[in-house]
Every structure is written in C-alpha cells, then in structure tokens.
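Participant: Input structure: entry_39.csv, which contains CSV, N, CA and C atoms.
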chain,number,residue,atom,x,y,z
Z,1,MET,N,12.7,4.4,-4.4
Z,1,MET,CA,13.0,3.0,-4.8
Z,1,MET,C,11.7,2.4,-5.3
Z,2,VAL,N,11.8,1.7,-6.4
Z,2,VAL,CA,10.7,1.0,-7.1
Z,2,VAL,C,10.5,-0.4,-6.4
Z,3,THR,N,9.2,-0.7,-6.1
Z,3,THR,CA,8.9,-2.0,-5.6
Z,3,THR,C,8.7,-3.0,-6.7
Z,4,CYS,N,8.7,-4.2,-6.4
Z,4,CYS,CA,8.4,-5.2,-7.4
Z,4,CYS,C,7.0,-5.1,-8.0
Z,5,LYS,N,6.0,-4.8,-7.1
Z,5,LYS,CA,4.7,-4.6,-7.5
Z,5,LYS,C,4.5,-3.4,-8.4
Z,6,GLN,N,5.2,-2.3,-8.1
Z,6,GLN,CA,5.2,-1.1,-9.0
Z,6,GLN,C,5.8,-1.5,-10.4
Z,7,PHE,N,6.9,-2.2,-10.3
Z,7,PHE,CA,7.6,-2.5,-11.6
Z,7,PHE,C,6.7,-3.4,-12.4
Z,8,LEU,N,6.1,-4.4,-11.8
Z,8,LEU,CA,5.2,-5.3,-12.6
Z,8,LEU,C,4.0,-4.6,-13.2
Z,9,GLN,N,3.5,-3.6,-12.5
Z,9,GLN,CA,2.4,-2.9,-13.0
Z,9,GLN,C,2.8,-2.1,-14.3
Z,10,GLU,N,4.0,-1.8,-14.4
Z,10,GLU,CA,4.5,-1.0,-15.5
Z,10,GLU,C,5.4,-1.8,-16.5
Z,11,LEU,N,5.3,-3.1,-16.4
Z,11,LEU,CA,6.2,-4.0,-17.2
Z,11,LEU,C,5.9,-3.8,-18.7
Z,12,ASN,N,4.7,-3.7,-19.1
Z,12,ASN,CA,4.4,-3.5,-20.5
Z,12,ASN,C,5.0,-2.2,-21.0
Z,13,ALA,N,4.9,-1.1,-20.3
Z,13,ALA,CA,5.5,0.1,-20.8
Z,13,ALA,C,7.1,0.0,-20.8
Z,14,TYR,N,7.6,-0.7,-19.8
Z,14,TYR,CA,9.1,-0.9,-19.8
Z,14,TYR,C,9.5,-1.7,-21.0
Z,15,LEU,N,8.8,-2.7,-21.4
Z,15,LEU,CA,9.2,-3.6,-22.5
Z,15,LEU,C,8.9,-2.9,-23.8
Z,16,ASP,N,7.9,-2.0,-23.9
Z,16,ASP,CA,7.6,-1.3,-25.1
Z,16,ASP,C,8.5,0.0,-25.3
Z,17,GLU,N,9.2,0.2,-24.2
Z,17,GLU,CA,10.1,1.4,-24.2
Z,17,GLU,C,9.3,2.7,-24.5
Z,18,SER,N,8.1,2.8,-24.0
Z,18,SER,CA,7.3,4.0,-24.2
Z,18,SER,C,7.4,5.0,-23.0
Z,19,VAL,N,8.4,4.9,-22.2
Z,19,VAL,CA,8.6,5.8,-21.1
Z,19,VAL,C,9.8,6.6,-21.3
Z,20,ASP,N,9.9,7.7,-20.6
Z,20,ASP,CA,11.0,8.6,-20.7
Z,20,ASP,C,12.3,7.9,-20.2
Z,21,PRO,N,13.4,8.3,-20.7
Z,21,PRO,CA,14.7,7.6,-20.3
Z,21,PRO,C,15.0,7.6,-18.8
Z,22,VAL,N,14.6,8.7,-18.1
Z,22,VAL,CA,14.9,8.7,-16.7
Z,22,VAL,C,14.1,7.6,-15.9
Z,23,THR,N,12.8,7.5,-16.3
Z,23,THR,CA,11.9,6.5,-15.7
Z,23,THR,C,12.4,5.1,-16.1
Z,24,LYS,N,12.8,4.9,-17.3
Z,24,LYS,CA,13.3,3.7,-17.8
Z,24,LYS,C,14.5,3.3,-17.0
Z,25,GLN,N,15.4,4.2,-16.8
Z,25,GLN,CA,16.7,3.9,-16.0
Z,25,GLN,C,16.3,3.5,-14.6
Z,26,HIS,N,15.3,4.2,-14.0
Z,26,HIS,CA,14.9,4.0,-12.6
Z,26,HIS,C,14.4,2.5,-12.5
Z,27,TRP,N,13.6,2.1,-13.5
Z,27,TRP,CA,13.1,0.7,-13.5
Z,27,TRP,C,14.2,-0.3,-13.8
Z,28,GLN,N,15.2,0.1,-14.7
Z,28,GLN,CA,16.3,-0.8,-15.0
Z,28,GLN,C,17.2,-1.0,-13.8
Z,29,ASP,N,17.3,0.1,-13.0
Z,29,ASP,CA,18.1,-0.1,-11.8
Z,29,ASP,C,17.5,-1.1,-10.9
Z,30,HIS,N,16.1,-1.1,-10.8
Z,30,HIS,CA,15.4,-2.1,-10.0
Z,30,HIS,C,15.7,-3.5,-10.6
Z,31,VAL,N,15.5,-3.7,-11.9
Z,31,VAL,CA,15.7,-5.0,-12.5
Z,31,VAL,C,17.2,-5.5,-12.3
Z,32,ASN,N,18.1,-4.6,-12.3
Z,32,ASN,CA,19.5,-5.0,-12.1
Z,32,ASN,C,19.8,-5.5,-10.7
Z,33,GLU,N,19.0,-5.0,-9.7
Z,33,GLU,CA,19.2,-5.3,-8.3
Z,33,GLU,C,18.2,-6.5,-7.8
Z,34,CYS,N,17.2,-6.7,-8.6
Z,34,CYS,CA,16.2,-7.7,-8.1
Z,34,CYS,C,16.2,-8.9,-9.0
Z,35,PRO,N,16.7,-10.0,-8.5
Z,35,PRO,CA,16.7,-11.3,-9.3
Z,35,PRO,C,15.4,-11.7,-9.8
Z,36,ASN,N,14.3,-11.6,-9.0
Z,36,ASN,CA,13.0,-12.0,-9.4
Z,36,ASN,C,12.5,-11.2,-10.6
Z,37,CYS,N,12.6,-9.9,-10.5
Z,37,CYS,CA,12.2,-9.1,-11.7
Z,37,CYS,C,13.0,-9.3,-12.9
Z,38,PHE,N,14.3,-9.5,-12.7
Z,38,PHE,CA,15.2,-9.8,-13.8
Z,38,PHE,C,14.7,-11.1,-14.5
Z,39,VAL,N,14.4,-12.1,-13.8
Z,39,VAL,CA,13.9,-13.3,-14.4
Z,39,VAL,C,12.6,-13.1,-15.2
Z,40,ILE,N,11.7,-12.3,-14.6
Z,40,ILE,CA,10.4,-12.0,-15.3
Z,40,ILE,C,10.7,-11.2,-16.6
Z,41,VAL,N,11.5,-10.2,-16.5
Z,41,VAL,CA,11.8,-9.5,-17.7
Z,41,VAL,C,12.5,-10.3,-18.8
Z,42,ASP,N,13.5,-11.1,-18.4
Z,42,ASP,CA,14.2,-12.0,-19.3
Z,42,ASP,C,13.2,-13.0,-20.0
Z,43,THR,N,12.4,-13.7,-19.2
Z,43,THR,CA,11.5,-14.7,-19.6
Z,43,THR,C,10.4,-14.0,-20.6
Z,44,THR,N,9.9,-12.9,-20.2
Z,44,THR,CA,8.9,-12.2,-21.0
Z,44,THR,C,9.5,-11.8,-22.3
Z,45,LYS,N,10.7,-11.3,-22.3
Z,45,LYS,CA,11.4,-10.9,-23.6
Z,45,LYS,C,11.6,-12.1,-24.5
Z,46,LYS,N,12.0,-13.2,-23.9
Z,46,LYS,CA,12.2,-14.4,-24.7
Z,46,LYS,C,10.9,-15.0,-25.3
Z,47,THR,N,9.8,-14.9,-24.5
Z,47,THR,CA,8.5,-15.4,-24.9
Z,47,THR,C,8.0,-14.5,-26.1
Z,48,LEU,N,8.2,-13.2,-25.9
Z,48,LEU,CA,7.8,-12.3,-27.0
Z,48,LEU,C,8.5,-12.6,-28.3
Z,49,GLU,N,9.8,-12.9,-28.2
Z,49,GLU,CA,10.6,-13.2,-29.4
Z,49,GLU,C,10.1,-14.5,-30.1
Z,50,VAL,N,9.8,-15.5,-29.3
Z,50,VAL,CA,9.3,-16.8,-29.8
Z,50,VAL,C,8.0,-16.5,-30.6
Z,51,TYR,N,7.1,-15.7,-30.0
Z,51,TYR,CA,5.8,-15.6,-30.7
Z,51,TYR,C,5.7,-14.5,-31.7
Z,52,LYS,N,6.8,-13.7,-31.9
Z,52,LYS,CA,6.7,-12.7,-32.9
Z,52,LYS,C,6.5,-13.2,-34.3
Z,53,GLY,N,7.1,-14.3,-34.7
Z,53,GLY,CA,6.9,-14.9,-36.0
Z,53,GLY,C,5.8,-15.8,-36.2
Z,54,VAL,N,5.0,-16.1,-35.2
Z,54,VAL,CA,3.9,-17.0,-35.3
Z,54,VAL,C,2.7,-16.4,-35.8
Z,55,GLU,N,2.0,-17.0,-36.8
Z,55,GLU,CA,0.8,-16.5,-37.4
Z,55,GLU,C,-0.3,-16.7,-36.4
Z,56,PRO,N,-1.2,-15.7,-36.3
Z,56,PRO,CA,-2.4,-15.8,-35.4
Z,56,PRO,C,-3.3,-17.0,-35.8
Z,57,GLN,N,-3.8,-17.6,-34.8
Z,57,GLN,CA,-4.6,-18.8,-35.0
Z,57,GLN,C,-6.1,-18.5,-34.6
Z,58,THR,N,-7.0,-19.1,-35.3
Z,58,THR,CA,-8.4,-18.9,-35.0
Z,58,THR,C,-8.8,-19.8,-33.9
Z,59,ILE,N,-9.5,-19.2,-32.9
Z,59,ILE,CA,-10.0,-20.0,-31.8
Z,59,ILE,C,-11.4,-20.6,-32.1
Z,60,PRO,N,-11.6,-21.8,-31.9
Z,60,PRO,CA,-12.9,-22.4,-32.2
Z,60,PRO,C,-14.0,-21.7,-31.4
Z,61,GLU,N,-15.1,-21.6,-32.0
Z,61,GLU,CA,-16.2,-20.8,-31.5
Z,61,GLU,C,-16.6,-21.3,-30.1
Z,62,ASP,N,-16.6,-22.6,-29.8
Z,62,ASP,CA,-17.0,-23.1,-28.5
Z,62,ASP,C,-16.0,-22.7,-27.4
Z,63,VAL,N,-14.7,-22.7,-27.8
Z,63,VAL,CA,-13.7,-22.2,-26.9
Z,63,VAL,C,-13.8,-20.7,-26.6
Z,64,ARG,N,-14.0,-20.0,-27.7
Z,64,ARG,CA,-14.2,-18.5,-27.6
Z,64,ARG,C,-15.4,-18.2,-26.6
Z,65,SER,N,-16.5,-18.9,-26.8
Z,65,SER,CA,-17.7,-18.7,-26.0
Z,65,SER,C,-17.4,-19.0,-24.5
Z,66,ARG,N,-16.7,-20.1,-24.3
Z,66,ARG,CA,-16.4,-20.5,-22.9
Z,66,ARG,C,-15.4,-19.5,-22.3
Z,67,LEU,N,-14.5,-19.0,-23.1
Z,67,LEU,CA,-13.5,-18.0,-22.6
Z,67,LEU,C,-14.2,-16.7,-22.2
Z,68,TRP,N,-15.1,-16.2,-23.1
Z,68,TRP,CA,-15.8,-15.0,-22.8
Z,68,TRP,C,-16.7,-15.1,-21.5
Z,69,ALA,N,-17.3,-16.3,-21.4
Z,69,ALA,CA,-18.2,-16.5,-20.3
Z,69,ALA,C,-17.4,-16.5,-19.0
Z,70,ALA,N,-16.2,-17.1,-19.0
Z,70,ALA,CA,-15.3,-17.2,-17.8
Z,70,ALA,C,-14.8,-15.8,-17.5
Z,71,LEU,N,-14.5,-15.0,-18.5
Z,71,LEU,CA,-14.0,-13.6,-18.2
Z,71,LEU,C,-15.1,-12.8,-17.6
Z,72,GLU,N,-16.3,-12.9,-18.2
Z,72,GLU,CA,-17.5,-12.2,-17.7
Z,72,GLU,C,-17.8,-12.6,-16.2
Z,73,ARG,N,-17.7,-13.8,-15.9
Z,73,ARG,CA,-17.9,-14.3,-14.5
Z,73,ARG,C,-16.8,-13.7,-13.6
Z,74,LYS,N,-15.6,-13.7,-14.0
Z,74,LYS,CA,-14.5,-13.2,-13.2
Z,74,LYS,C,-14.7,-11.7,-13.0
Z,75,MET,N,-15.0,-10.9,-14.0
Z,75,MET,CA,-15.2,-9.5,-13.9
Z,75,MET,C,-16.4,-9.2,-13.0
Z,76,ALA,N,-17.5,-10.0,-13.1
Z,76,ALA,CA,-18.7,-9.8,-12.2
Z,76,ALA,C,-18.3,-10.0,-10.8
Z,77,ALA,N,-17.5,-11.1,-10.5
Z,77,ALA,CA,-17.1,-11.4,-9.2
Z,77,ALA,C,-16.2,-10.3,-8.6
Z,78,LYS,N,-15.3,-9.8,-9.4
Z,78,LYS,CA,-14.4,-8.7,-9.0
Z,78,LYS,C,-15.2,-7.5,-8.7
Z,79,LYS,N,-16.2,-7.2,-9.5
Z,79,LYS,CA,-17.1,-6.0,-9.3
Z,79,LYS,C,-17.8,-6.1,-8.0
Z,80,GLN,N,-18.3,-7.3,-7.7
Z,80,GLN,CA,-19.1,-7.5,-6.4
Z,80,GLN,C,-18.2,-7.3,-5.2
Z,81,LYS,N,-16.9,-7.6,-5.3
Z,81,LYS,CA,-16.0,-7.5,-4.2
Z,81,LYS,C,-15.6,-6.0,-3.9
Z,82,GLN,N,-15.8,-5.2,-4.9
Z,82,GLN,CA,-15.4,-3.8,-4.7
Z,82,GLN,C,-16.4,-3.1,-3.7
Z,83,PRO,N,-15.9,-2.2,-2.9
Z,83,PRO,CA,-16.8,-1.5,-1.9
Z,83,PRO,C,-17.7,-0.6,-2.7
Z,84,GLN,N,-18.9,-0.5,-2.3
Z,84,GLN,CA,-19.9,0.3,-2.9
Z,84,GLN,C,-19.7,1.8,-2.5
Z,85,ALA,N,-19.8,2.7,-3.4
Z,85,ALA,CA,-19.6,4.1,-3.1
Z,85,ALA,C,-20.9,4.8,-2.6
I'd like the structure from this file rewritten - as structure tokens, please.
Facilitator:
Amino acid sequence: MVTCKQFLQELNAYLDESVDPVTKQHWQDHVNECPNCFVIVDTTKKTLEVYKGVEPQTIPEDVRSRLWAALERKMAAKKQKQPQA
C-alpha cells in the first residue's frame, strides 16, 4: 500500500508519466482511494495547464539575489541539522 508521503515524493514522476505502467497503476489506485492526494493531483494538473502557455518572465536582479540568499540560508540550516557522520 502506498502512503501519502510516498506518493507525494513521486508526484513529479507520476505527472510526467515517466514510470512503468504497473507502478503508475499502483499510484493511481492510491489517488483513487485518497481524497487528499486526489485534490493535490487535480490541482497540480490544473496549475500546470494554466502555466503551459505563459511566457517566462525575467526576475529583477534584487529579487533574484534575495531569493538565492534565502535558499542558501535554508540549505545551510538544513545541513547543520543533519547528524554528523
């Protein structure tokens, strides 16, 4: 039985249809039985459809810099929380 956590970890592959048919059906069975995952799949598919025809936009340099800085802080914090080997 697939858990919601397992399904969400593989959502991208599920939506890209890059998995074998047996695995795809296994995940589809979970979506058919789980209303929460059904909503996530449905919403994600609709969101992707909306953005398919949208032209990419350039992010202003100050916003790009702040975004990268925030991502770097987040990654550094996550790395510090990992147990040392």
Participant: Report, in Å with one decimal, the straight-line distance from CA of Lys52 (chain Z) to CA of Ser18 (chain Z).
Facilitator: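 Spanning CA of Lys52 (chain Z) to CA of Ser18 (chain Z) is a straight-line distance of 18.8 Å.
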Participant: So that I can check the secondary structure, give me every residue of region 5-79 of chain Z assigned alpha helix (DSSP H) by backbone DSSP, as number ranges by chain.
Facilitator: Z: 5-9, 11-16, 21-33, 35-52, 61-79
Participant: Report the distance between CA of Trp27 (chain Z) and atom N of Thr47 (chain Z) in Å, rounded to one decimal place.
Facilitator: 19.4 Å
Participant: From the list Z:Leu15, Z:Ala77, Z:Val2, Z:Asp20, which residue is nearest Thr43 (chain Z) when using only C-alpha atoms?
Facilitator: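 Result for the nearest residue to Thr43 (chain Z): Z:Leu15.
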Participant: Enter the distance from CA of Arg66 (chain Z) to CA of Leu48 (chain Z), in Å, rounded to one decimal.
Facilitator: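 If I compute the distance from CA of Arg66 (chain Z) to CA of Leu48 (chain Z), I get 25.9 Å.
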Participant: With only N, CA and C atoms as the basis for distance, which of Z:His30, Z:Pro21, Z:Lys45, Z:Ala70 is at the shortest distance from Cys4 (chain Z)?
Facilitator: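 Result for the nearest residue to Cys4 (chain Z): Z:His30.
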Participant: Write out as a PyMOL selection string the residues lying within 12 Å of Cys37 (chain Z), counting only C-alpha atoms and excluding same-chain residues fewer than 3 positions away.
Facilitator: chain Z and resi 2-11+14+27-34+40-44
